[in-house]
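Structure record follows, encoded as structure tokens.
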Amino acid sequence: MPVPRILVFAGSIRSGAFSARTADAAMKELAMQGADVTRISLVDYPLPIMDQDLEKEKGVPENAVRLARLISGHDGLLIASPEYNASIPPLLKNAIDWVSRVRRVEGFHPLAGKAAALCSSSDGNFAGMRGLYHLRAVLMACQMEVITPQCSVARAADAFDEDGGLREERLRRQMEKVCRTLIERAMMFSTRIEP
Ligand SMILES: Cc1cc2nc3c(=O)[nH]c(=O)nc-3n(C[C@H](O)[C@H](O)[C@H](O)COP(=O)(O)O)c2cc1C
């Protein structure tokens with residue numbers, strides 16, 4: 001059976017970000033379930049704010065093309081994000097917007113048909129969950145296959161043990177289900193392009 005390739009990143013580049021810890025917990029669970037996981041940080045893909053004049057003048061930035069190619073080389077995507085004012089943080093939205101433009105110049109659509117799973121985290125009680133409704137809608141507009149199960153980590157400062165594992169049994173079960181479903185869908189809808 002082919003090994004599913006899953007790309008994992010967080011919607012924050014803050015040092016010590018809770019969403020990075022959530023992404024790490026997802027990475028470990030995916031690997032335990034047999035996936036070949038690539039863990040990246042958006043800090044390595046700096047992008048200017050989306051501006052159509054800039055796009056017209058200079059084209060899609062190389063970092064957006066790199067990110068799009070990386071996504072294309074995977075069967076599925078897992079994003080762990082915080083929420084800002086109950087919505088998507090600009091860093092993440094900006095990266096998605098640029099990547100969604102790559103098809104115009106590169107002739108392939110990096111997001112269409114690709115399976116995606118969402119996680120969120122916050123030190124508050126809402127767990128960043130409200131932002132995921134918006135993130136889900138944006139990714140669906142980009143024709144991604146976003147799975148229903150998601151894992152949202154509330155009171156994130158106390159949610160992880162010293163090994164980075166989720167302390168709460170309920171959250172561990174949620175994460176296990178997210179990863180299992182993502183792997184299933186990623187193989188079902190695989191649109192992977194070998195680099
Ligand atoms: C502009 C802004 C808006 C925020 N809005 C929310 C919010 O709506 N809900 C929430 O739980 N936390 C909110 N926060 C707090 C973030 O959840 C918190 O800073 C979190 O640690 C950021 O995620 P990270 O740890 O992954 O970097 C907001 C933070 C910023 C900077």
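How things are named: the first chain in the structure tokens is A, the next is B, and so on; residues count from 1 in each chain; ligands count from 1 in the order shown.
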
Handout entry: Environment of ligand 1 within 10 Å, counting only C-alpha atoms and all ligand atoms, reported as a PyMOL selection string
Key = chain A and resi 10-23+80-90+120-131+154-157

Handout entry: Backbone DSSP call of strand (DSSP E or B) for chain A, listed as a PyMOL selection string
Key = chain A and resi 5-10+36-39+76-81+84+87+115-121+145-153+160+166

Could you give me, as a short mmCIF file (atom, residue, chain, number, x, y, z; two decimals) with N, CA and C atoms, in the first residue's frame, the residues within 9 Å of Val102 in chain A, counting only C-alpha atoms and dropping anything in the same chain fewer than 3 positions from it?
data_model
loop_
_atom_site.label_atom_id
_atom_site.label_comp_id
_atom_site.auth_asym_id
_atom_site.auth_seq_id
_atom_site.Cartn_x
_atom_site.Cartn_y
_atom_site.Cartn_z
N VAL A 60 3.82 36.14 -9.39
CA VAL A 60 3.63 35.46 -8.11
C VAL A 60 5.01 35.23 -7.49
N ALA A 64 5.79 31.65 -2.94
CA ALA A 64 4.44 31.10 -3.13
C ALA A 64 4.50 29.91 -4.09
N VAL A 65 5.33 30.02 -5.11
CA VAL A 65 5.48 28.92 -6.08
C VAL A 65 6.13 27.72 -5.38
N ALA A 68 3.54 26.14 -3.20
CA ALA A 68 2.55 25.46 -4.04
C ALA A 68 3.10 24.12 -4.55
N TRP A 98 -1.89 33.79 -1.98
CA TRP A 98 -0.81 33.75 -2.97
C TRP A 98 -0.74 32.37 -3.64
N VAL A 99 -0.83 31.32 -2.83
CA VAL A 99 -0.74 29.97 -3.41
C VAL A 99 -1.89 29.73 -4.39
N VAL A 105 0.12 31.09 -13.29
CA VAL A 105 1.44 31.19 -13.92
C VAL A 105 2.09 29.82 -14.16
N GLU A 106 1.76 28.87 -13.31
CA GLU A 106 2.46 27.58 -13.37
C GLU A 106 1.65 26.51 -14.09
N GLY A 107 0.37 26.78 -14.30
CA GLY A 107 -0.44 25.83 -15.05
C GLY A 107 -0.91 24.63 -14.24
N PHE A 108 -0.70 24.64 -12.92
CA PHE A 108 -1.30 23.60 -12.09
C PHE A 108 -1.99 24.25 -10.91
N HIS A 109 -3.03 23.61 -10.41
CA HIS A 109 -3.79 24.14 -9.29
C HIS A 109 -3.37 23.37 -8.04
N PRO A 110 -2.54 23.99 -7.18
CA PRO A 110 -1.97 23.22 -6.06
C PRO A 110 -2.98 22.78 -5.01
#

Exercise for the section: Have a look at CA of Asp44 in chain A and CA of Pro2 in chain A and let me know their distance in Å, one decimal. Expected result: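 Interatomic distance, CA of Asp44 in chain A to CA of Pro2 in chain A: 28.7 Å.
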
Exercise for the section: Point out the residue among A:Cys119, A:Ala26, A:Ala31, A:Met187 with the least atom-to-atom distance to Thr148 in chain A, counting only C-alpha atoms. Expected result: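 Using only C-alpha atoms, the shortest distance to Thr148 in chain A belongs to A:Cys119.
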
Taking only C-alpha atoms into account, produce a table as JSON lines in which each residue of range 19-77 of chain A with an atom at most 10 Å from an atom of range 163-178 of chain A appears once, together with its shortest atom pair and the distance in Å to one decimal, ordered by chain and rising number.
{"residue": "A:Arg21", "atom": "CA", "partner": "A:Gly164", "partner_atom": "CA", "distance": 6.8}
{"residue": "A:Thr22", "atom": "CA", "partner": "A:Leu166", "partner_atom": "CA", "distance": 8.5}
{"residue": "A:Asp24", "atom": "CA", "partner": "A:Gly164", "partner_atom": "CA", "distance": 7.4}
{"residue": "A:Ala25", "atom": "CA", "partner": "A:Gly165", "partner_atom": "CA", "distance": 6.0}
{"residue": "A:Ala26", "atom": "CA", "partner": "A:Met175", "partner_atom": "CA", "distance": 6.7}
{"residue": "A:Lys28", "atom": "CA", "partner": "A:Gly165", "partner_atom": "CA", "distance": 8.7}
{"residue": "A:Glu29", "atom": "CA", "partner": "A:Glu176", "partner_atom": "CA", "distance": 6.6}
{"residue": "A:Leu30", "atom": "CA", "partner": "A:Glu176", "partner_atom": "CA", "distance": 8.1}
{"residue": "A:Met32", "atom": "CA", "partner": "A:Glu176", "partner_atom": "CA", "distance": 9.7}
{"residue": "A:Gln33", "atom": "CA", "partner": "A:Glu176", "partner_atom": "CA", "distance": 8.6}

Considering only C-alpha atoms, return as a compact mmCIF listing (two decimals) with C-alpha atoms, in the first residue's frame whatever protein or nucleic-acid residues lie within 8 Å of Asn63 in chain A, sequence-local ones (same chain, fewer than 3 positions apart) excluded.
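Below is the file that was written, out29.txt:
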# COMPACT_ATOMS: atom_id res chain seq x y z
CA TYR A 45 8.08 31.22 3.03
CA PRO A 46 7.93 34.97 3.64
CA LEU A 47 5.47 36.69 1.31
CA ARG A 66 7.81 26.89 -3.77
CA LEU A 67 4.98 26.40 -1.28

Practice task
Could you check which of A:Leu135, A:Leu78, A:Met144, A:Leu118 is closest to Leu92 in chain A, using only C-alpha atoms?
Solution key: A:Leu135

Practice task
Can you work out which one of A:Glu184, A:Thr38, A:Ala117, A:Leu111 has the shortest atom-to-atom distance to Cys151 in chain A, counting only C-alpha atoms?
Solution key: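 Closest residue, counting only C-alpha atoms: A:Ala117.
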
Practice task
Go ahead and compute the interatomic distance for CA of Pro4 in chain A and CA of Pro149 in chain A, in Å to one decimal.
Solution key: 18.4 Å

Handout entry: Gap from CA of Ala116 in chain A to CA of Leu77 in chain A - Å, one decimal
Key =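 These two atoms are separated by 4.7 Å.
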
Exercise for the section: Would you kindly return, as a list of chain:residue names, each protein, DNA or RNA residue with an atom no farther than 12 Å from any atom of range 51-54 of chain A, considering only C-alpha atoms and excluding same-chain residues fewer than 3 positions away? Expected result: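 Here the answer would be A:Leu47, A:Pro48, A:Glu57, A:Lys58, A:Gly59, A:Val60, A:Pro61, A:Asn94, A:Asp97, A:Trp98, A:Arg101.
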
Please dump the current selection as a compact mmCIF listing (two decimals), in the first residue's frame; keep N, CA, C and O atoms.
# COMPACT_ATOMS: atom_id res chain seq x y z
N LEU A 47 6.20 36.19 2.49
CA LEU A 47 5.47 36.69 1.31
C LEU A 47 5.00 38.12 1.57
O LEU A 47 4.60 38.45 2.69
N PRO A 48 5.01 38.95 0.54
CA PRO A 48 4.44 40.30 0.72
C PRO A 48 2.93 40.19 0.84
O PRO A 48 2.35 39.16 0.47
N GLU A 57 2.86 43.44 -11.72
CA GLU A 57 4.20 43.97 -11.99
C GLU A 57 5.28 42.91 -11.91
O GLU A 57 6.14 42.79 -12.77
N LYS A 58 5.21 42.12 -10.79
CA LYS A 58 6.34 41.22 -10.49
C LYS A 58 5.98 39.74 -10.57
O LYS A 58 6.84 38.88 -10.40
N GLY A 59 4.70 39.44 -10.77
CA GLY A 59 4.29 38.03 -10.82
C GLY A 59 4.11 37.45 -9.43
O GLY A 59 4.25 38.14 -8.42
N VAL A 60 3.82 36.14 -9.39
CA VAL A 60 3.63 35.46 -8.11
C VAL A 60 5.01 35.23 -7.49
O VAL A 60 5.92 34.74 -8.17
N PRO A 61 5.20 35.61 -6.22
CA PRO A 61 6.54 35.46 -5.60
C PRO A 61 7.02 34.01 -5.61
O PRO A 61 6.22 33.07 -5.49
N ASN A 94 -2.91 35.20 3.85
CA ASN A 94 -2.05 35.74 2.80
C ASN A 94 -1.34 34.62 2.04
O ASN A 94 -1.26 34.64 0.81
N ASP A 97 -3.87 32.90 -0.16
CA ASP A 97 -4.23 33.75 -1.31
C ASP A 97 -3.14 33.70 -2.39
O ASP A 97 -3.44 33.54 -3.57
N TRP A 98 -1.89 33.79 -1.98
CA TRP A 98 -0.81 33.75 -2.97
C TRP A 98 -0.74 32.37 -3.64
O TRP A 98 -0.63 32.27 -4.86
N ARG A 101 -3.00 31.69 -6.44
CA ARG A 101 -2.73 32.38 -7.71
C ARG A 101 -1.70 31.66 -8.57
O ARG A 101 -1.48 32.03 -9.73
